[in-house]
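Here the structure is laid out as structure tokens; the discussion comes afterwards.
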Amino acid sequence: TIEELHRYLPPTANFHNPVDVIGDANRERYENALATVISDTNVDGCLIILTPQSMTDAIGTAEAIVSISKRSQKPIVCNFMGVKDVSEGRMMLERHKVPVYDFPENAAKALGALYSASQWLNRRILPQYKAEYDIEKAKAIFAKYQDRDRVVLDEMEANQLLKCYGFHTLNMALCTTEEDALGKASEIGYPVAMKIVSPQITHKTEAGGVFLNVKTPDEVKSVFHQLIENAKNFDSYAVIEGVLVQQMATPGTEVILGANRYPNFGHLVMFGLGGIFVEVFKDVVFRLSSLGRNNARRMVRSIKGYPLLNGFRGKPKADIEDIERLLVNLGDLVRNHPEIKELDINPLLVHEKGKGSTVADAVITIAKPVIPR
């Protein structure tokens, strides 16, 4: 292409991108340069900037551009600068539906929009996940609260609900006595996690309501009473339903999945880095709940922390496909059950590629949907 341009342009021209045909260029020079460049297989489109000089043939240049545009399948956009001097040339381009702009920035934006559109139209459409949900069991959980305007599900029920939609949850039980806690910890196997259960305490960590890696029966006894004491100190009016004894999760990368219902609009699904990072970095993205696999894939890859999931600095790659699957499942969950007001799974512990993920903590608030008049 550069060799060919040397045949048509003066030595003072620029033969690389962007090609400068020099201000005294006539119609023939523009036509030969454009025909040469647009035929290059490495060129996807052209932006032609014309700044009129006293000898500039705006009409002739426009006719040359129209001629080549009709023969080429590649986009050609123009920027004819000036008003009176280029007006007839602009009208010629407009008559033949060649885009022409007042300033190069607008022309460049148009090419950018064309590129984005072509990327979208040529995107790979992934096959959808085949999901099986226990919708009837999920409905039964909600049915217990149908006469109440708003309620926060306890962690046991939140996990049962998520399990109905394909989430992997941990073995757990609500214990109201020290003896119950000892028995369940022995059944699950040490170490265990222990958490306070109270409708008034949704963020348990802030209330000193979570103890991890409880390793012995003596620790279970001590932690049981400490959790209740911490909860009372945090909120003396809190109703304490008991202590949750839970299997310890296998370590993994912490992410957050969530959903929020907006009046007359529906649910948005959220994804981002989890644990304390969601508060610090706020590295989250939102999409409408009608997620397909492609949208879920784009969600995961659009956060700034994505490299942490994709094997950053030699770390094992996380099971990204499982996150994508669960985002789709979460979208189905909130669409099938519009009474869900808010939902937070934080953290979801994502294990190595092929090993799935585990719900470590979940908070689900339900409220009667508002029916628009």
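Numbering starts fresh at 1 for the residues of each chain in the structure tokens, the chains themselves are lettered A, B, ... in the order given, and ligands are numbered from 1 as they appear.
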
Could you pull the residues within 9 Å of Tyr145 of chain A, counting only C-alpha atoms, minus those fewer than 5 positions along the same chain, as a PyMOL selection string? chain A and resi 150-151+366

Dump N, CA, C and O atoms for the selected residues as a compact mmCIF listing (two decimals), in the first residue's frame?
```txt
# COMPACT_ATOMS: atom_id res chain seq x y z
N ARG A 150 -43.11 -7.45 55.20
CA ARG A 150 -41.65 -7.45 54.97
C ARG A 150 -41.00 -8.35 56.01
O ARG A 150 -41.36 -8.34 57.18
N VAL A 151 -40.01 -9.10 55.57
CA VAL A 151 -39.31 -9.99 56.50
C VAL A 151 -37.93 -10.32 55.94
O VAL A 151 -37.73 -10.36 54.72
N ILE A 366 -37.66 -10.15 51.86
CA ILE A 366 -38.82 -10.27 51.00
C ILE A 366 -39.87 -9.23 51.40
O ILE A 366 -39.97 -8.84 52.55
```

Using DSSP assignments from the backbone, pull out every residue in segment 216-273 of chain A that falls under strand (DSSP E or B) and give it to me as a ChimeraX atom specification. /A:242-247,253-262,266-273

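Nearest to Glu229 of chain A of all the residues A:Val243, A:Asn213, A:Val328, A:Ala193 is A:Val243, based on only C-alpha atoms.
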
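With only C-alpha atoms as the atoms that count, the minimum distance from Ala360 of chain A to the choices A:Phe167, A:Tyr306, A:Tyr190, A:Phe224 is reached by A:Phe167.
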